[in-house]
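*Asks:* Contents are mmCIF, C-alpha atoms and all ligand atoms; file name work26.cif:
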```
data_final
loop_
_atom_site.group_PDB
_atom_site.id
_atom_site.type_symbol
_atom_site.label_atom_id
_atom_site.label_comp_id
_atom_site.auth_asym_id
_atom_site.auth_seq_id
_atom_site.Cartn_x
_atom_site.Cartn_y
_atom_site.Cartn_z
ATOM 1 C CA MET A 1009 -48.747 -46.161 -66.618
ATOM 2 C CA SER A 1010 -51.591 -45.601 -64.187
ATOM 3 C CA ASP A 1011 -55.131 -46.695 -64.990
ATOM 4 C CA GLU A 1012 -57.220 -43.541 -65.353
ATOM 5 C CA ARG A 1013 -60.317 -45.478 -64.365
ATOM 6 C CA ILE A 1014 -59.254 -45.164 -60.718
ATOM 7 C CA LEU A 1015 -58.448 -41.577 -59.817
ATOM 8 C CA VAL A 1016 -56.888 -40.086 -56.707
ATOM 9 C CA ASP A 1017 -56.690 -36.401 -56.036
ATOM 10 C CA VAL A 1018 -55.302 -35.105 -52.760
ATOM 11 C CA ALA A 1019 -56.118 -31.484 -52.039
ATOM 12 C CA GLY A 1020 -55.581 -30.066 -48.609
ATOM 13 C CA ARG A 1021 -56.343 -32.809 -46.148
ATOM 14 C CA ILE A 1022 -58.932 -34.591 -48.303
ATOM 15 C CA ALA A 1023 -58.135 -37.446 -50.706
ATOM 16 C CA ARG A 1024 -60.749 -38.062 -53.363
ATOM 17 C CA LEU A 1025 -60.765 -41.613 -54.664
ATOM 18 C CA THR A 1026 -62.980 -41.896 -57.727
ATOM 19 C CA LEU A 1027 -64.163 -44.851 -59.785
ATOM 20 C CA ASN A 1028 -64.026 -43.460 -63.296
ATOM 21 C CA ARG A 1029 -65.603 -45.892 -65.733
ATOM 22 C CA PRO A 1030 -69.049 -44.383 -66.147
ATOM 23 C CA ASP A 1031 -69.782 -46.058 -69.509
ATOM 24 C CA LYS A 1032 -69.723 -49.437 -67.727
ATOM 25 C CA LEU A 1033 -71.316 -48.165 -64.521
ATOM 26 C CA ASN A 1034 -67.894 -48.331 -62.839
ATOM 27 C CA ALA A 1035 -67.749 -52.126 -63.112
ATOM 28 C CA LEU A 1036 -64.371 -53.214 -61.784
ATOM 29 C CA ASP A 1037 -61.969 -55.296 -63.871
ATOM 30 C CA ALA A 1038 -58.595 -56.776 -62.893
ATOM 31 C CA ASP A 1039 -56.544 -53.720 -63.893
ATOM 32 C CA MET A 1040 -58.819 -51.419 -61.891
ATOM 33 C CA ILE A 1041 -58.478 -53.695 -58.878
ATOM 34 C CA SER A 1042 -54.653 -53.572 -59.109
ATOM 35 C CA GLU A 1043 -54.808 -49.823 -59.520
ATOM 36 C CA LEU A 1044 -57.100 -49.506 -56.512
ATOM 37 C CA ALA A 1045 -54.562 -51.320 -54.316
ATOM 38 C CA ALA A 1046 -51.754 -49.072 -55.586
ATOM 39 C CA ARG A 1047 -53.822 -45.922 -55.111
ATOM 40 C CA CYS A 1048 -54.657 -46.912 -51.528
ATOM 41 C CA ARG A 1049 -50.939 -47.129 -50.759
ATOM 42 C CA GLU A 1050 -50.541 -43.652 -52.265
ATOM 43 C CA ILE A 1051 -53.347 -42.273 -50.081
ATOM 44 C CA GLU A 1052 -51.921 -43.938 -46.975
ATOM 45 C CA ARG A 1053 -48.620 -42.109 -47.507
ATOM 46 C CA SER A 1054 -50.196 -38.743 -48.342
ATOM 47 C CA ASP A 1055 -51.027 -35.868 -46.011
ATOM 48 C CA ALA A 1056 -54.741 -36.572 -46.398
ATOM 49 C CA ARG A 1057 -56.660 -37.137 -43.180
ATOM 50 C CA VAL A 1058 -59.943 -38.243 -44.682
ATOM 51 C CA VAL A 1059 -60.974 -39.955 -47.933
ATOM 52 C CA ILE A 1060 -64.059 -39.400 -50.070
ATOM 53 C CA LEU A 1061 -64.844 -42.414 -52.270
ATOM 54 C CA SER A 1062 -67.240 -41.915 -55.174
ATOM 55 C CA GLY A 1063 -68.125 -43.186 -58.637
ATOM 56 C CA ARG A 1064 -68.571 -41.074 -61.770
ATOM 57 C CA GLY A 1065 -71.785 -41.261 -63.741
ATOM 58 C CA LYS A 1066 -75.168 -42.720 -62.932
ATOM 59 C CA ALA A 1067 -73.992 -45.687 -60.811
ATOM 60 C CA PHE A 1068 -71.721 -45.734 -57.791
ATOM 61 C CA CYS A 1069 -70.534 -49.187 -58.917
ATOM 62 C CA ALA A 1070 -72.367 -52.046 -60.653
ATOM 63 C CA GLY A 1071 -69.923 -54.631 -59.313
ATOM 64 C CA GLY A 1072 -67.220 -56.799 -60.749
ATOM 65 C CA ASP A 1073 -66.932 -56.618 -64.536
ATOM 66 C CA ILE A 1074 -69.057 -59.544 -65.648
ATOM 67 C CA GLU A 1075 -67.273 -59.822 -69.004
ATOM 68 C CA ALA A 1076 -63.889 -59.830 -67.258
ATOM 69 C CA TRP A 1077 -64.568 -62.561 -64.722
ATOM 70 C CA SER A 1078 -66.871 -64.791 -66.735
ATOM 71 C CA GLY A 1079 -64.047 -65.597 -69.179
ATOM 72 C CA LYS A 1080 -61.677 -66.785 -66.466
ATOM 73 C CA SER A 1081 -60.852 -70.409 -65.713
ATOM 74 C CA PRO A 1082 -62.033 -71.616 -62.282
ATOM 75 C CA GLU A 1083 -58.396 -71.642 -61.135
ATOM 76 C CA ALA A 1084 -57.762 -68.064 -62.297
ATOM 77 C CA PHE A 1085 -61.041 -66.976 -60.725
ATOM 78 C CA GLY A 1086 -60.058 -68.278 -57.299
ATOM 79 C CA ARG A 1087 -56.363 -67.566 -57.512
ATOM 80 C CA HIS A 1088 -56.323 -64.088 -59.042
ATOM 81 C CA TRP A 1089 -59.753 -62.509 -59.287
ATOM 82 C CA VAL A 1090 -60.857 -63.228 -55.736
ATOM 83 C CA ARG A 1091 -57.453 -62.869 -54.109
ATOM 84 C CA ASP A 1092 -56.554 -59.608 -55.876
ATOM 85 C CA GLY A 1093 -59.960 -58.169 -55.039
ATOM 86 C CA HIS A 1094 -59.478 -59.029 -51.385
ATOM 87 C CA ALA A 1095 -56.020 -57.439 -51.354
ATOM 88 C CA ALA A 1096 -57.361 -54.191 -52.825
ATOM 89 C CA PHE A 1097 -60.474 -54.033 -50.647
ATOM 90 C CA ASP A 1098 -58.448 -54.879 -47.529
ATOM 91 C CA ALA A 1099 -56.113 -51.998 -48.378
ATOM 92 C CA LEU A 1100 -59.102 -49.670 -48.643
ATOM 93 C CA ALA A 1101 -60.791 -50.877 -45.446
ATOM 94 C CA ARG A 1102 -57.507 -50.613 -43.553
ATOM 95 C CA LEU A 1103 -56.494 -47.134 -44.672
ATOM 96 C CA ALA A 1104 -55.303 -45.025 -41.767
ATOM 97 C CA GLN A 1105 -57.773 -42.305 -42.785
ATOM 98 C CA PRO A 1106 -61.546 -42.559 -42.299
ATOM 99 C CA VAL A 1107 -63.273 -43.215 -45.651
ATOM 100 C CA ILE A 1108 -66.649 -41.705 -46.606
ATOM 101 C CA ALA A 1109 -68.537 -43.327 -49.508
ATOM 102 C CA VAL A 1110 -70.776 -41.172 -51.717
ATOM 103 C CA LEU A 1111 -73.501 -43.510 -52.966
ATOM 104 C CA ASP A 1112 -75.191 -41.361 -55.605
ATOM 105 C CA GLY A 1113 -76.064 -44.262 -57.904
ATOM 106 C CA HIS A 1114 -76.765 -47.975 -57.680
ATOM 107 C CA VAL A 1115 -74.554 -50.113 -55.470
ATOM 108 C CA LEU A 1116 -74.494 -53.706 -56.651
ATOM 109 C CA GLY A 1117 -72.321 -56.741 -55.977
ATOM 110 C CA GLY A 1118 -68.696 -55.596 -55.898
ATOM 111 C CA GLY A 1119 -70.105 -52.092 -55.512
ATOM 112 C CA LEU A 1120 -71.524 -53.106 -52.153
ATOM 113 C CA GLU A 1121 -68.240 -54.805 -51.279
ATOM 114 C CA ILE A 1122 -66.225 -51.666 -51.987
ATOM 115 C CA ALA A 1123 -68.775 -49.463 -50.186
ATOM 116 C CA ALA A 1124 -68.532 -51.817 -47.202
ATOM 117 C CA CYS A 1125 -64.852 -50.859 -46.878
ATOM 118 C CA ALA A 1126 -65.831 -47.280 -46.062
ATOM 119 C CA ASP A 1127 -66.299 -45.996 -42.523
ATOM 120 C CA TYR A 1128 -69.378 -43.921 -43.391
ATOM 121 C CA ARG A 1129 -71.846 -44.309 -46.259
ATOM 122 C CA ILE A 1130 -74.070 -41.533 -47.585
ATOM 123 C CA ALA A 1131 -76.822 -42.623 -49.972
ATOM 124 C CA GLU A 1132 -78.936 -40.468 -52.249
ATOM 125 C CA ARG A 1133 -82.645 -41.164 -51.951
ATOM 126 C CA HIS A 1134 -83.062 -42.752 -55.408
ATOM 127 C CA ILE A 1135 -80.386 -45.449 -55.181
ATOM 128 C CA ARG A 1136 -80.745 -49.183 -54.591
ATOM 129 C CA ILE A 1137 -78.335 -51.604 -52.957
ATOM 130 C CA GLY A 1138 -78.069 -55.335 -53.609
ATOM 131 C CA GLN A 1139 -75.986 -58.418 -54.217
ATOM 132 C CA PRO A 1140 -77.035 -59.988 -57.541
ATOM 133 C CA GLU A 1141 -74.172 -62.519 -57.759
ATOM 134 C CA THR A 1142 -76.016 -65.778 -57.046
ATOM 135 C CA GLY A 1143 -78.487 -64.865 -59.772
ATOM 136 C CA LEU A 1144 -75.538 -64.988 -62.159
ATOM 137 C CA GLY A 1145 -74.264 -68.317 -60.831
ATOM 138 C CA ILE A 1146 -71.388 -66.894 -58.820
ATOM 139 C CA ILE A 1147 -70.724 -65.918 -55.214
ATOM 140 C CA PRO A 1148 -70.061 -62.468 -53.747
ATOM 141 C CA GLY A 1149 -66.300 -63.112 -53.727
ATOM 142 C CA TRP A 1150 -64.715 -59.821 -52.719
ATOM 143 C CA SER A 1151 -65.715 -60.181 -49.065
ATOM 144 C CA GLY A 1152 -69.452 -59.853 -49.688
ATOM 145 C CA THR A 1153 -70.132 -62.749 -47.346
ATOM 146 C CA GLN A 1154 -67.371 -61.849 -44.877
ATOM 147 C CA ARG A 1155 -66.717 -58.122 -44.308
ATOM 148 C CA ALA A 1156 -70.296 -57.422 -45.378
ATOM 149 C CA VAL A 1157 -71.599 -59.823 -42.727
ATOM 150 C CA ARG A 1158 -69.310 -58.331 -40.085
ATOM 151 C CA ARG A 1159 -70.366 -54.792 -40.934
ATOM 152 C CA PHE A 1160 -74.057 -55.199 -41.810
ATOM 153 C CA GLY A 1161 -75.096 -58.415 -40.107
ATOM 154 C CA ALA A 1162 -75.732 -61.841 -41.597
ATOM 155 C CA GLN A 1163 -79.486 -61.474 -42.011
ATOM 156 C CA THR A 1164 -79.300 -58.383 -44.193
ATOM 157 C CA VAL A 1165 -76.663 -60.087 -46.335
ATOM 158 C CA ARG A 1166 -78.860 -63.223 -46.549
ATOM 159 C CA ARG A 1167 -81.770 -61.145 -47.810
ATOM 160 C CA MET A 1168 -79.671 -59.591 -50.568
ATOM 161 C CA ALA A 1169 -77.387 -62.496 -51.483
ATOM 162 C CA LEU A 1170 -79.774 -65.458 -51.096
ATOM 163 C CA PHE A 1171 -83.179 -63.880 -51.740
ATOM 164 C CA GLY A 1172 -82.202 -61.231 -54.272
ATOM 165 C CA GLU A 1173 -83.678 -58.269 -52.414
ATOM 166 C CA THR A 1174 -82.401 -54.868 -53.466
ATOM 167 C CA PHE A 1175 -82.984 -52.192 -50.888
ATOM 168 C CA PRO A 1176 -83.941 -48.580 -51.528
ATOM 169 C CA ALA A 1177 -81.945 -45.979 -49.625
ATOM 170 C CA ASP A 1178 -84.459 -45.473 -46.800
ATOM 171 C CA GLU A 1179 -84.644 -49.188 -46.067
ATOM 172 C CA ALA A 1180 -80.845 -49.449 -46.371
ATOM 173 C CA LEU A 1181 -80.655 -46.782 -43.675
ATOM 174 C CA SER A 1182 -82.924 -48.674 -41.308
ATOM 175 C CA LEU A 1183 -80.898 -51.857 -41.913
ATOM 176 C CA GLY A 1184 -77.585 -50.102 -41.238
ATOM 177 C CA LEU A 1185 -76.307 -50.548 -44.790
ATOM 178 C CA VAL A 1186 -75.889 -46.789 -45.029
ATOM 179 C CA ASP A 1187 -75.455 -44.122 -42.373
ATOM 180 C CA GLN A 1188 -77.256 -41.181 -43.929
ATOM 181 C CA VAL A 1189 -79.799 -40.639 -46.701
ATOM 182 C CA VAL A 1190 -79.850 -37.328 -48.535
ATOM 183 C CA ASP A 1191 -81.677 -35.857 -51.517
ATOM 184 C CA THR A 1192 -80.510 -36.700 -55.005
ATOM 185 C CA GLY A 1193 -77.613 -34.488 -56.042
ATOM 186 C CA THR A 1194 -76.488 -33.674 -52.495
ATOM 187 C CA ALA A 1195 -74.410 -36.683 -51.355
ATOM 188 C CA MET A 1196 -71.061 -35.119 -52.255
ATOM 189 C CA ALA A 1197 -71.872 -31.981 -50.268
ATOM 190 C CA ALA A 1198 -72.949 -34.170 -47.340
ATOM 191 C CA ALA A 1199 -69.675 -36.100 -47.629
ATOM 192 C CA GLU A 1200 -67.715 -32.857 -47.541
ATOM 193 C CA GLU A 1201 -69.576 -31.877 -44.348
ATOM 194 C CA ALA A 1202 -68.764 -35.266 -42.816
ATOM 195 C CA ALA A 1203 -65.120 -34.855 -43.898
ATOM 196 C CA ALA A 1204 -65.027 -31.432 -42.219
ATOM 197 C CA ARG A 1205 -66.217 -33.074 -38.990
ATOM 198 C CA VAL A 1206 -63.367 -35.600 -39.222
ATOM 199 C CA LEU A 1207 -60.836 -32.825 -39.862
ATOM 200 C CA LYS A 1208 -61.849 -31.053 -36.634
ATOM 201 C CA ARG A 1209 -60.735 -34.074 -34.626
ATOM 202 C CA ALA A 1210 -57.192 -34.945 -33.543
ATOM 203 C CA PRO A 1211 -55.517 -36.804 -36.431
ATOM 204 C CA ARG A 1212 -53.396 -39.281 -34.480
ATOM 205 C CA ALA A 1213 -56.186 -40.127 -32.040
ATOM 206 C CA THR A 1214 -58.572 -40.585 -34.973
ATOM 207 C CA GLU A 1215 -56.161 -42.909 -36.804
ATOM 208 C CA LEU A 1216 -55.555 -44.992 -33.674
ATOM 209 C CA THR A 1217 -59.266 -45.156 -32.905
ATOM 210 C CA LYS A 1218 -60.072 -46.360 -36.421
ATOM 211 C CA MET A 1219 -57.458 -49.067 -36.019
ATOM 212 C CA LEU A 1220 -58.932 -50.138 -32.666
ATOM 213 C CA ILE A 1221 -62.452 -50.297 -34.125
ATOM 214 C CA ASN A 1222 -61.112 -52.398 -37.004
ATOM 215 C CA ILE A 1223 -59.419 -54.730 -34.527
ATOM 216 C CA ALA A 1224 -62.646 -55.101 -32.544
ATOM 217 C CA GLU A 1225 -64.411 -55.990 -35.784
ATOM 218 C CA GLY A 1226 -61.786 -58.615 -36.670
ATOM 219 C CA GLU A 1227 -60.701 -56.512 -39.630
ATOM 220 C CA GLU A 1228 -56.948 -56.541 -39.262
ATOM 221 C CA ARG A 1229 -55.954 -57.900 -35.909
ATOM 222 C CA GLU A 1230 -52.385 -59.063 -36.633
ATOM 223 C CA ARG A 1231 -51.115 -56.005 -38.460
ATOM 224 C CA ALA A 1232 -52.938 -53.531 -36.259
ATOM 225 C CA VAL A 1233 -51.718 -54.999 -32.967
ATOM 226 C CA GLU A 1234 -48.139 -55.085 -34.240
ATOM 227 C CA ALA A 1235 -48.453 -51.554 -35.653
ATOM 228 C CA LEU A 1236 -49.655 -50.225 -32.294
ATOM 229 C CA ALA A 1237 -46.960 -52.076 -30.351
ATOM 230 C CA GLY A 1238 -44.340 -51.133 -32.955
ATOM 231 C CA SER A 1239 -45.153 -47.421 -32.608
ATOM 232 C CA LEU A 1240 -44.920 -47.700 -28.844
ATOM 233 C CA ALA A 1241 -41.574 -49.509 -28.966
ATOM 234 C CA ALA A 1242 -40.224 -47.105 -31.584
ATOM 235 C CA SER A 1243 -40.986 -44.121 -29.361
ATOM 236 C CA SER A 1244 -39.068 -45.501 -26.354
ATOM 237 C CA ASP A 1245 -35.504 -44.735 -25.263
ATOM 238 C CA GLU A 1246 -34.718 -48.418 -25.701
ATOM 239 C CA LEU A 1247 -34.781 -48.143 -29.475
ATOM 240 C CA ALA A 1248 -32.538 -45.066 -29.432
ATOM 241 C CA GLU A 1249 -30.031 -46.857 -27.202
ATOM 242 C CA GLY A 1250 -30.219 -50.107 -29.189
ATOM 243 C CA LEU A 1251 -29.501 -48.306 -32.460
ATOM 244 C CA LYS A 1252 -26.760 -46.129 -30.963
ATOM 245 C CA ALA A 1253 -25.038 -49.198 -29.487
ATOM 246 C CA PHE A 1254 -25.221 -50.974 -32.839
ATOM 247 C CA ARG A 1255 -23.611 -48.029 -34.587
ATOM 248 C CA ASP A 1256 -20.962 -47.601 -31.832
ATOM 249 C CA LYS A 1257 -20.219 -51.366 -32.028
ATOM 250 C CA ARG A 1258 -20.782 -51.836 -28.276
ATOM 251 C CA SER A 1259 -23.286 -53.694 -26.092
ATOM 252 C CA PRO A 1260 -26.438 -51.660 -25.433
ATOM 253 C CA ASP A 1261 -27.012 -50.270 -21.963
ATOM 254 C CA PHE A 1262 -30.735 -50.588 -21.270
ATOM 255 C CA GLY A 1263 -30.401 -49.478 -17.623
ATOM 256 C CA LYS A 1264 -28.950 -50.929 -14.498
ATOM 257 C CA ASP A 1265 -31.463 -53.787 -14.258
ATOM 258 C CA THR A 1266 -30.702 -55.253 -17.670
HETATM 259 N N1 LIG A 1301 -70.051 -55.755 -65.608
HETATM 260 C C1 LIG A 1301 -69.804 -55.380 -66.863
HETATM 261 N N2 LIG A 1301 -70.500 -54.459 -67.507
HETATM 262 C C2 LIG A 1301 -71.519 -53.888 -66.839
HETATM 263 C C3 LIG A 1301 -71.850 -54.235 -65.532
HETATM 264 C C4 LIG A 1301 -71.060 -55.206 -64.911
HETATM 265 N N3 LIG A 1301 -71.263 -55.574 -63.638
HETATM 266 N N4 LIG A 1301 -72.927 -53.516 -65.143
HETATM 267 C C5 LIG A 1301 -73.249 -52.730 -66.179
HETATM 268 N N5 LIG A 1301 -72.411 -52.960 -67.219
HETATM 269 C C6 LIG A 1301 -72.413 -52.308 -68.534
HETATM 270 C C7 LIG A 1301 -73.550 -52.782 -69.396
HETATM 271 O O1 LIG A 1301 -73.228 -54.005 -70.036
HETATM 272 C C8 LIG A 1301 -73.658 -51.621 -70.360
HETATM 273 O O2 LIG A 1301 -72.619 -51.718 -71.309
HETATM 274 P P1 LIG A 1301 -72.931 -51.414 -72.876
HETATM 275 O O3 LIG A 1301 -73.433 -49.986 -72.888
HETATM 276 O O4 LIG A 1301 -71.612 -51.590 -73.547
HETATM 277 O O5 LIG A 1301 -73.988 -52.392 -73.283
HETATM 278 C C9 LIG A 1301 -73.331 -50.420 -69.479
HETATM 279 O O6 LIG A 1301 -72.626 -50.928 -68.371
HETATM 280 C C10 LIG A 1301 -74.564 -49.690 -68.977
HETATM 281 O O7 LIG A 1301 -75.391 -50.632 -68.318
HETATM 282 P P2 LIG A 1301 -76.954 -50.830 -68.664
HETATM 283 O O8 LIG A 1301 -77.330 -52.225 -68.267
HETATM 284 O O9 LIG A 1301 -77.204 -50.420 -70.065
HETATM 285 O O10 LIG A 1301 -77.613 -49.772 -67.685
HETATM 286 P P3 LIG A 1301 -79.076 -49.826 -67.062
HETATM 287 O O11 LIG A 1301 -79.276 -48.520 -66.378
HETATM 288 O O12 LIG A 1301 -80.058 -50.254 -68.084
HETATM 289 O O13 LIG A 1301 -79.031 -51.006 -65.963
HETATM 290 C C11 LIG A 1301 -78.107 -52.155 -64.040
HETATM 291 C C12 LIG A 1301 -78.272 -50.796 -64.784
HETATM 292 C C13 LIG A 1301 -77.128 -51.871 -62.896
HETATM 293 C C14 LIG A 1301 -79.448 -52.606 -63.489
HETATM 294 C C15 LIG A 1301 -77.542 -53.213 -65.017
HETATM 295 O O14 LIG A 1301 -76.421 -52.663 -65.708
HETATM 296 C C16 LIG A 1301 -77.077 -54.472 -64.337
HETATM 297 O O15 LIG A 1301 -77.879 -55.289 -63.916
HETATM 298 N N6 LIG A 1301 -75.720 -54.666 -64.213
HETATM 299 C C17 LIG A 1301 -75.147 -55.853 -63.624
HETATM 300 C C18 LIG A 1301 -75.142 -55.740 -62.120
HETATM 301 C C19 LIG A 1301 -74.581 -57.009 -61.507
HETATM 302 O O16 LIG A 1301 -75.107 -58.089 -61.689
HETATM 303 N N7 LIG A 1301 -73.473 -56.828 -60.739
HETATM 304 C C20 LIG A 1301 -72.829 -57.931 -60.092
HETATM 305 C C21 LIG A 1301 -71.713 -58.440 -60.928
HETATM 306 S S1 LIG A 1301 -70.890 -59.785 -60.187
#
```
Translate this file's structure into structure tokens.
*Replies:*
Amino acid sequence: MSDERILVDVAGRIARLTLNRPDKLNALDADMISELAARCREIERSDARVVILSGRGKAFCAGGDIEAWSGKSPEAFGRHWVRDGHAAFDALARLAQPVIAVLDGHVLGGGLEIAACADYRIAERHIRIGQPETGLGIIPGWSGTQRAVRRFGAQTVRRMALFGETFPADEALSLGLVDQVVDTGTAMAAAEEAAARVLKRAPRATELTKMLINIAEGEERERAVEALAGSLAASSDELAEGLKAFRDKRSPDFGKDT
């Protein structure tokens, strides 16, 4: 049975991925993380061409569920909590479709890590962004020192993760943590406008370009290079001939030079 705390709704060409645990400020526990990974696979295979990521209630996401992780043994923390979080967040960051994050409430810890997976972040003026983990005696373990550094720069991450600064939206904009600041109550509409801009562009070229940007950023070099080469090989006559020869139980004829 699916976990209703992570929702996906695909309508037209837009997939809406929603964190739906408002009573706990969308804090993420292990089941939500597993569900997130599964829902990303569902989005990847859908007809959606752009994704809007948001959180219900007053926070976008207040991070990993403190009650959930604090009860884990050190082994389970490293083996499952961190690894499963990485798997889910990697799946989100590596979606074929561009992802737009609607930051209409606070973005803390794991909330920053999930927002970092998006390709475009829209913040409402009242929100704050930070990484409180070291104040709790833990590290930002869902790529908050890795993808966050790649995407936002080490110094901004140092200020949040080592010095406990939480940035208001305007400062987050000047630091590159978010791409746009809008009035309270208008981030979803702004995200829909951004999604409409994506939908005007060529889908295949957009998907390939996202993959190339991710490669340049060190996001997913191995898979992306093989996916690009695999698509190229799969569109050649060589594959058609190789498969036909296999089915005809004969040697393939790849041309007179082979
Ligand atoms: N994990 C688990 N539960 C969380 C949570 C988290 N990261 N963040 C908030 N919650 C829960 C609260 O315990 C509270 O639950 P309760 O109503 O059953 O007591 C509920 O969400 C609402 O939070 P509350 O603290 O009452 O809201 P607030 O508006 O007063 O404060 C924050 C908002 C974000 C400042 C505060 O909730 C907070 O500091 N959360 C922790 C953020 C954090 O350290 N994240 C990193 C985790 S690694």
*Asks:* With 7 Å as the cut-off and all atoms listed in the file counted, what is the closest atom pair between each nearby residue of chain A and ligand LIG 1301 (chain A)? Distances in Å to one decimal, ordered by chain and number, as JSON lines.
*Replies:*
```
{"residue": "A:Asp1031", "atom": "CA", "partner": "A:LIG1301", "partner_atom": "C9", "distance": 5.6}
{"residue": "A:Lys1032", "atom": "CA", "partner": "A:LIG1301", "partner_atom": "O6", "distance": 3.3}
{"residue": "A:Leu1033", "atom": "CA", "partner": "A:LIG1301", "partner_atom": "O6", "distance": 4.9}
{"residue": "A:Ala1035", "atom": "CA", "partner": "A:LIG1301", "partner_atom": "C4", "distance": 4.9}
{"residue": "A:Ala1070", "atom": "CA", "partner": "A:LIG1301", "partner_atom": "N3", "distance": 4.8}
{"residue": "A:Gly1071", "atom": "CA", "partner": "A:LIG1301", "partner_atom": "N7", "distance": 4.4}
{"residue": "A:Gly1072", "atom": "CA", "partner": "A:LIG1301", "partner_atom": "S1", "distance": 4.8}
{"residue": "A:Asp1073", "atom": "CA", "partner": "A:LIG1301", "partner_atom": "N1", "distance": 3.4}
{"residue": "A:Ile1074", "atom": "CA", "partner": "A:LIG1301", "partner_atom": "N1", "distance": 3.9}
{"residue": "A:Glu1075", "atom": "CA", "partner": "A:LIG1301", "partner_atom": "C1", "distance": 5.5}
{"residue": "A:His1114", "atom": "CA", "partner": "A:LIG1301", "partner_atom": "C13", "distance": 6.5}
{"residue": "A:Leu1116", "atom": "CA", "partner": "A:LIG1301", "partner_atom": "N7", "distance": 5.2}
{"residue": "A:Gly1117", "atom": "CA", "partner": "A:LIG1301", "partner_atom": "C20", "distance": 4.3}
{"residue": "A:Gly1118", "atom": "CA", "partner": "A:LIG1301", "partner_atom": "C20", "distance": 6.3}
{"residue": "A:Gln1139", "atom": "CA", "partner": "A:LIG1301", "partner_atom": "C20", "distance": 6.7}
{"residue": "A:Pro1140", "atom": "CA", "partner": "A:LIG1301", "partner_atom": "O16", "distance": 5.0}
{"residue": "A:Glu1141", "atom": "CA", "partner": "A:LIG1301", "partner_atom": "S1", "distance": 4.9}
{"residue": "A:Leu1144", "atom": "CA", "partner": "A:LIG1301", "partner_atom": "O16", "distance": 6.9}
```
*Asks:* Go ahead and find all residues with at least one atom no further than 8 Å from (-74.5, -46.3, -42.5) in the file's coordinates, using all atoms listed in the file; report them as a PyMOL selection string.
*Replies:* chain A and resi 1128-1130+1181+1184-1188
*Asks:* Output C-alpha atoms of each residue in that selection to a file, as a PDB file, in the coordinates of the input.
*Replies:*
```pdb
ATOM      1  CA  TYR A1128     -69.378 -43.921 -43.391  1.00  0.00           C
ATOM      2  CA  ARG A1129     -71.846 -44.309 -46.259  1.00  0.00           C
ATOM      3  CA  ILE A1130     -74.070 -41.533 -47.585  1.00  0.00           C
ATOM      4  CA  LEU A1181     -80.655 -46.782 -43.675  1.00  0.00           C
ATOM      5  CA  GLY A1184     -77.585 -50.102 -41.238  1.00  0.00           C
ATOM      6  CA  LEU A1185     -76.307 -50.548 -44.790  1.00  0.00           C
ATOM      7  CA  VAL A1186     -75.889 -46.789 -45.029  1.00  0.00           C
ATOM      8  CA  ASP A1187     -75.455 -44.122 -42.373  1.00  0.00           C
ATOM      9  CA  GLN A1188     -77.256 -41.181 -43.929  1.00  0.00           C
TER      10      GLN A1188
END
```
*Asks:* Quick one: everything within 12 Å of A:Arg1209, counting all atoms listed in the file, minus sequence neighbours fewer than 6 positions away in the same chain. Send it as a PyMOL selection string.
*Replies:* chain A and resi 1057-1058+1105-1106+1202-1203+1215+1217
*Asks:* Grab the residues selected above and save them as a tab-separated table (two decimals), in the coordinates of the input with C-alpha atoms.
*Replies:*
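Result saved to again_38.tsv:
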```
chain	number	residue	atom	x	y	z
A	1057	ARG	CA	-56.66	-37.14	-43.18
A	1058	VAL	CA	-59.94	-38.24	-44.68
A	1105	GLN	CA	-57.77	-42.30	-42.78
A	1106	PRO	CA	-61.55	-42.56	-42.30
A	1202	ALA	CA	-68.76	-35.27	-42.82
A	1203	ALA	CA	-65.12	-34.85	-43.90
A	1215	GLU	CA	-56.16	-42.91	-36.80
A	1217	THR	CA	-59.27	-45.16	-32.90
```
*Asks:* Give me the residues near stretch 1059-1065 of chain A as a short mmCIF file (atom, residue, chain, number, x, y, z; two decimals) with C-alpha atoms, in the coordinates of the input, where near means some atom within 9 Å (using all atoms listed in the file) and where sequence neighbours in that chain fewer than 4 positions away do not count.
*Replies:*
```cif
data_model
loop_
_atom_site.label_atom_id
_atom_site.label_comp_id
_atom_site.auth_asym_id
_atom_site.auth_seq_id
_atom_site.Cartn_x
_atom_site.Cartn_y
_atom_site.Cartn_z
CA VAL A 1018 -55.30 -35.10 -52.76
CA ARG A 1021 -56.34 -32.81 -46.15
CA ILE A 1022 -58.93 -34.59 -48.30
CA ALA A 1023 -58.14 -37.45 -50.71
CA ARG A 1024 -60.75 -38.06 -53.36
CA LEU A 1025 -60.76 -41.61 -54.66
CA THR A 1026 -62.98 -41.90 -57.73
CA LEU A 1027 -64.16 -44.85 -59.78
CA ASN A 1028 -64.03 -43.46 -63.30
CA ARG A 1029 -65.60 -45.89 -65.73
CA PRO A 1030 -69.05 -44.38 -66.15
CA ASP A 1031 -69.78 -46.06 -69.51
CA LEU A 1033 -71.32 -48.16 -64.52
CA ASN A 1034 -67.89 -48.33 -62.84
CA ILE A 1051 -53.35 -42.27 -50.08
CA CYS A 1069 -70.53 -49.19 -58.92
CA GLN A 1105 -57.77 -42.30 -42.78
CA PRO A 1106 -61.55 -42.56 -42.30
CA VAL A 1107 -63.27 -43.22 -45.65
CA ILE A 1108 -66.65 -41.70 -46.61
CA ALA A 1109 -68.54 -43.33 -49.51
CA VAL A 1110 -70.78 -41.17 -51.72
CA LEU A 1111 -73.50 -43.51 -52.97
CA ASP A 1112 -75.19 -41.36 -55.60
CA GLY A 1113 -76.06 -44.26 -57.90
CA ALA A 1123 -68.78 -49.46 -50.19
CA ALA A 1126 -65.83 -47.28 -46.06
CA MET A 1196 -71.06 -35.12 -52.26
CA ALA A 1199 -69.68 -36.10 -47.63
CA GLU A 1200 -67.72 -32.86 -47.54
CA ALA A 1203 -65.12 -34.85 -43.90
#
```
